[in-house]
Amino acid sequence: MHGWGVTEALAGLPDWVALLFALLTQLADAWFVFGGLALLYLLADERLASEPRRAGATLIALAICALAATVAFKTTFGVHRPAGAGTATPPAWLPALFDPVYANISTGDGFGFPSGHATSSSVVYGGLALALDRLWTRRKRLLAAGGIVAVVALSRLVIG
């Protein structure tokens, strides 16, 4: 959050915490979201939703709309990412083989506002909570979705 010192305060967390949040932020990365929704569309049955194909197609459409809105707003607002967001120093204990993977999951380029990860997690996991009407209770689904959205939003701050 620009000017509030939140990113700077979180930068002092241990390396393993940054790695954990770099992995958790993948829950809202495009490859994970669209891959998961494609699997939902193809494999879901009536145990998850009363109309599984319709739910899957609707969620894919929502994810595409969230992506389009994010790109449009990023272009409109033009707010840059915090300094250093495009670089990452892998933890010393991480094998060198994983350095490119770490850099890929913990850096970003282009404009930073609004967060595509936060936007897609809100839309997709909120949509999942509403569409998967046969899984758990509505309250449990909404709490789980809210937890995932909060973790993804926090992850964006933790990894800078």
# chains A, B, ... in the order shown; residues from 1 in each chain; ligands from 1
$ residues_around --residues "segment 97-102 of chain A" --least-positions-apart "4" --cutoff "10 Å" --atoms "only C-alpha atoms" --output "ChimeraX atom specification"
/A:19,22-23,88-92,106-107
$ write_last_selection --atoms "N, CA, C and O atoms" --output "PDB file, in the first residue's frame"
ATOM      1  N   LEU A  19       8.411 -17.292   0.848  1.00  0.00           N
ATOM      2  CA  LEU A  19       8.230 -18.427  -0.067  1.00  0.00           C
ATOM      3  C   LEU A  19       6.826 -19.021   0.079  1.00  0.00           C
ATOM      4  O   LEU A  19       6.162 -19.304  -0.917  1.00  0.00           O
ATOM      5  N   ALA A  22       4.465 -16.712  -1.594  1.00  0.00           N
ATOM      6  CA  ALA A  22       4.648 -16.769  -3.052  1.00  0.00           C
ATOM      7  C   ALA A  22       3.921 -17.982  -3.620  1.00  0.00           C
ATOM      8  O   ALA A  22       3.363 -17.929  -4.720  1.00  0.00           O
ATOM      9  N   LEU A  23       3.911 -19.072  -2.871  1.00  0.00           N
ATOM     10  CA  LEU A  23       3.165 -20.267  -3.302  1.00  0.00           C
ATOM     11  C   LEU A  23       1.658 -20.046  -3.155  1.00  0.00           C
ATOM     12  O   LEU A  23       0.882 -20.415  -4.039  1.00  0.00           O
ATOM     13  N   ALA A  88      13.683 -10.598  -7.380  1.00  0.00           N
ATOM     14  CA  ALA A  88      13.549 -11.458  -6.198  1.00  0.00           C
ATOM     15  C   ALA A  88      14.886 -12.100  -5.898  1.00  0.00           C
ATOM     16  O   ALA A  88      15.597 -12.531  -6.804  1.00  0.00           O
ATOM     17  N   THR A  89      15.216 -12.153  -4.634  1.00  0.00           N
ATOM     18  CA  THR A  89      16.420 -12.840  -4.191  1.00  0.00           C
ATOM     19  C   THR A  89      15.984 -14.131  -3.516  1.00  0.00           C
ATOM     20  O   THR A  89      15.380 -14.094  -2.444  1.00  0.00           O
ATOM     21  N   PRO A  90      16.242 -15.258  -4.161  1.00  0.00           N
ATOM     22  CA  PRO A  90      15.826 -16.530  -3.571  1.00  0.00           C
ATOM     23  C   PRO A  90      16.525 -16.770  -2.234  1.00  0.00           C
ATOM     24  O   PRO A  90      17.660 -16.329  -2.037  1.00  0.00           O
ATOM     25  N   PRO A  91      15.861 -17.449  -1.311  1.00  0.00           N
ATOM     26  CA  PRO A  91      16.510 -17.777  -0.038  1.00  0.00           C
ATOM     27  C   PRO A  91      17.765 -18.616  -0.291  1.00  0.00           C
ATOM     28  O   PRO A  91      17.799 -19.435  -1.220  1.00  0.00           O
ATOM     29  N   ALA A  92      18.769 -18.420   0.544  1.00  0.00           N
ATOM     30  CA  ALA A  92      20.038 -19.134   0.380  1.00  0.00           C
ATOM     31  C   ALA A  92      19.852 -20.644   0.517  1.00  0.00           C
ATOM     32  O   ALA A  92      20.576 -21.424  -0.105  1.00  0.00           O
ATOM     33  N   SER A 106       7.323 -15.019  -7.505  1.00  0.00           N
ATOM     34  CA  SER A 106       7.387 -13.961  -6.496  1.00  0.00           C
ATOM     35  C   SER A 106       7.661 -12.574  -7.073  1.00  0.00           C
ATOM     36  O   SER A 106       7.904 -11.634  -6.321  1.00  0.00           O
ATOM     37  N   THR A 107       7.616 -12.419  -8.377  1.00  0.00           N
ATOM     38  CA  THR A 107       7.834 -11.102  -8.980  1.00  0.00           C
ATOM     39  C   THR A 107       6.686 -10.747  -9.907  1.00  0.00           C
ATOM     40  O   THR A 107       5.886 -11.603 -10.281  1.00  0.00           O
TER      41      THR A 107
END
$ select_by_dssp --residues "chain A" --states "alpha helix (DSSP H)" --output "PyMOL selection string"
chain A and resi 6-10+15-24+30-43+52-77+99-106+116-131+138-158
$ closest_atom_pairs --of "segment 39-107 of chain A" --to "segment 119-142 of chain A" --cutoff "9 Å" --atoms "only C-alpha atoms" --output "CSV"
residue,atom,partner,partner_atom,distance
A:Glu46,CA,A:Arg134,CA,7.6
A:Arg47,CA,A:Arg134,CA,6.0
A:Leu48,CA,A:Arg134,CA,4.9
A:Ala49,CA,A:Leu132,CA,4.6
A:Ser50,CA,A:Asp133,CA,6.7
A:Glu51,CA,A:Ala131,CA,8.6
A:Pro52,CA,A:Leu132,CA,7.9
A:Ala55,CA,A:Ala131,CA,5.7
A:Gly56,CA,A:Ala131,CA,8.3
A:Thr58,CA,A:Gly127,CA,8.7
A:Leu59,CA,A:Gly127,CA,6.4
A:Ile60,CA,A:Val124,CA,8.4
A:Leu62,CA,A:Val123,CA,6.9
A:Ala63,CA,A:Val124,CA,6.1
A:Ala66,CA,A:Ser120,CA,5.9
A:Leu67,CA,A:Ser120,CA,7.0
A:Thr70,CA,A:Thr119,CA,7.2
$ write_last_selection --atoms "N, CA and C atoms" --output "mmCIF file, in the first residue's frame"
data_model
loop_
_atom_site.group_PDB
_atom_site.id
_atom_site.type_symbol
_atom_site.label_atom_id
_atom_site.label_comp_id
_atom_site.auth_asym_id
_atom_site.auth_seq_id
_atom_site.Cartn_x
_atom_site.Cartn_y
_atom_site.Cartn_z
ATOM 1 N N GLU A 46 -23.164 -33.712 -9.999
ATOM 2 C CA GLU A 46 -24.246 -33.199 -9.171
ATOM 3 C C GLU A 46 -23.929 -33.211 -7.680
ATOM 4 N N ARG A 47 -22.810 -33.801 -7.273
ATOM 5 C CA ARG A 47 -22.429 -33.749 -5.854
ATOM 6 C C ARG A 47 -21.924 -32.365 -5.474
ATOM 7 N N LEU A 48 -21.442 -31.592 -6.435
ATOM 8 C CA LEU A 48 -20.918 -30.256 -6.163
ATOM 9 C C LEU A 48 -21.933 -29.148 -6.433
ATOM 10 N N ALA A 49 -22.669 -29.282 -7.514
ATOM 11 C CA ALA A 49 -23.607 -28.229 -7.909
ATOM 12 C C ALA A 49 -24.828 -28.853 -8.551
ATOM 13 N N SER A 50 -25.946 -28.172 -8.405
ATOM 14 C CA SER A 50 -27.172 -28.692 -8.999
ATOM 15 C C SER A 50 -27.090 -28.690 -10.525
ATOM 16 N N GLU A 51 -26.367 -27.733 -11.098
ATOM 17 C CA GLU A 51 -26.132 -27.677 -12.543
ATOM 18 C C GLU A 51 -24.625 -27.485 -12.771
ATOM 19 N N PRO A 52 -23.845 -28.564 -12.689
ATOM 20 C CA PRO A 52 -22.380 -28.427 -12.705
ATOM 21 C C PRO A 52 -21.805 -27.818 -13.978
ATOM 22 N N ALA A 55 -22.606 -24.116 -13.972
ATOM 23 C CA ALA A 55 -21.780 -23.453 -12.960
ATOM 24 C C ALA A 55 -20.354 -23.279 -13.476
ATOM 25 N N GLY A 56 -19.794 -24.321 -14.065
ATOM 26 C CA GLY A 56 -18.435 -24.246 -14.595
ATOM 27 C C GLY A 56 -18.305 -23.209 -15.692
ATOM 28 N N THR A 58 -20.256 -20.626 -16.244
ATOM 29 C CA THR A 58 -20.473 -19.294 -15.669
ATOM 30 C C THR A 58 -19.217 -18.801 -14.965
ATOM 31 N N LEU A 59 -18.559 -19.692 -14.228
ATOM 32 C CA LEU A 59 -17.341 -19.302 -13.515
ATOM 33 C C LEU A 59 -16.203 -18.980 -14.478
ATOM 34 N N ILE A 60 -16.086 -19.719 -15.568
ATOM 35 C CA ILE A 60 -15.076 -19.399 -16.579
ATOM 36 C C ILE A 60 -15.358 -18.022 -17.179
ATOM 37 N N LEU A 62 -16.961 -15.566 -15.710
ATOM 38 C CA LEU A 62 -16.650 -14.582 -14.679
ATOM 39 C C LEU A 62 -15.149 -14.324 -14.594
ATOM 40 N N ALA A 63 -14.357 -15.394 -14.683
ATOM 41 C CA ALA A 63 -12.902 -15.244 -14.624
ATOM 42 C C ALA A 63 -12.383 -14.437 -15.811
ATOM 43 N N ALA A 66 -13.265 -10.837 -15.133
ATOM 44 C CA ALA A 66 -12.382 -10.278 -14.107
ATOM 45 C C ALA A 66 -11.026 -9.927 -14.708
ATOM 46 N N LEU A 67 -10.520 -10.801 -15.555
ATOM 47 C CA LEU A 67 -9.239 -10.546 -16.219
ATOM 48 C C LEU A 67 -9.332 -9.313 -17.119
ATOM 49 N N THR A 70 -9.587 -6.171 -14.994
ATOM 50 C CA THR A 70 -8.296 -5.860 -14.371
ATOM 51 C C THR A 70 -7.364 -5.180 -15.365
#
$ closest_residue --among "A:Ile105, A:Leu157, A:Val149, A:Ala72" --to "Trp31 of chain A" --atoms "only C-alpha atoms"
A:Ile105
$ closest_residue --among "A:Ala145, A:Ile159, A:Leu37, A:Val79" --to "Ala11 of chain A" --atoms "only C-alpha atoms"
A:Ile159
$ closest_residue --among "A:Leu10, A:Leu40, A:Ala30, A:Ala69" --to "Gly160 of chain A" --atoms "only C-alpha atoms"
A:Leu10
$ atom_distance --atom1 "atom CA of Gly112 of chain A" --atom2 "atom CA of Pro14 of chain A"
23.7 Å
$ atom_distance --atom1 "atom CA of Ile64 of chain A" --atom2 "atom CA of Arg156 of chain A"
20.7 Å
$ residues_around --residues "Gly12 of chain A" --least-positions-apart "4" --cutoff "12 Å" --atoms "only C-alpha atoms" --output "ChimeraX atom specification"
/A:5-8,16-18,157-160
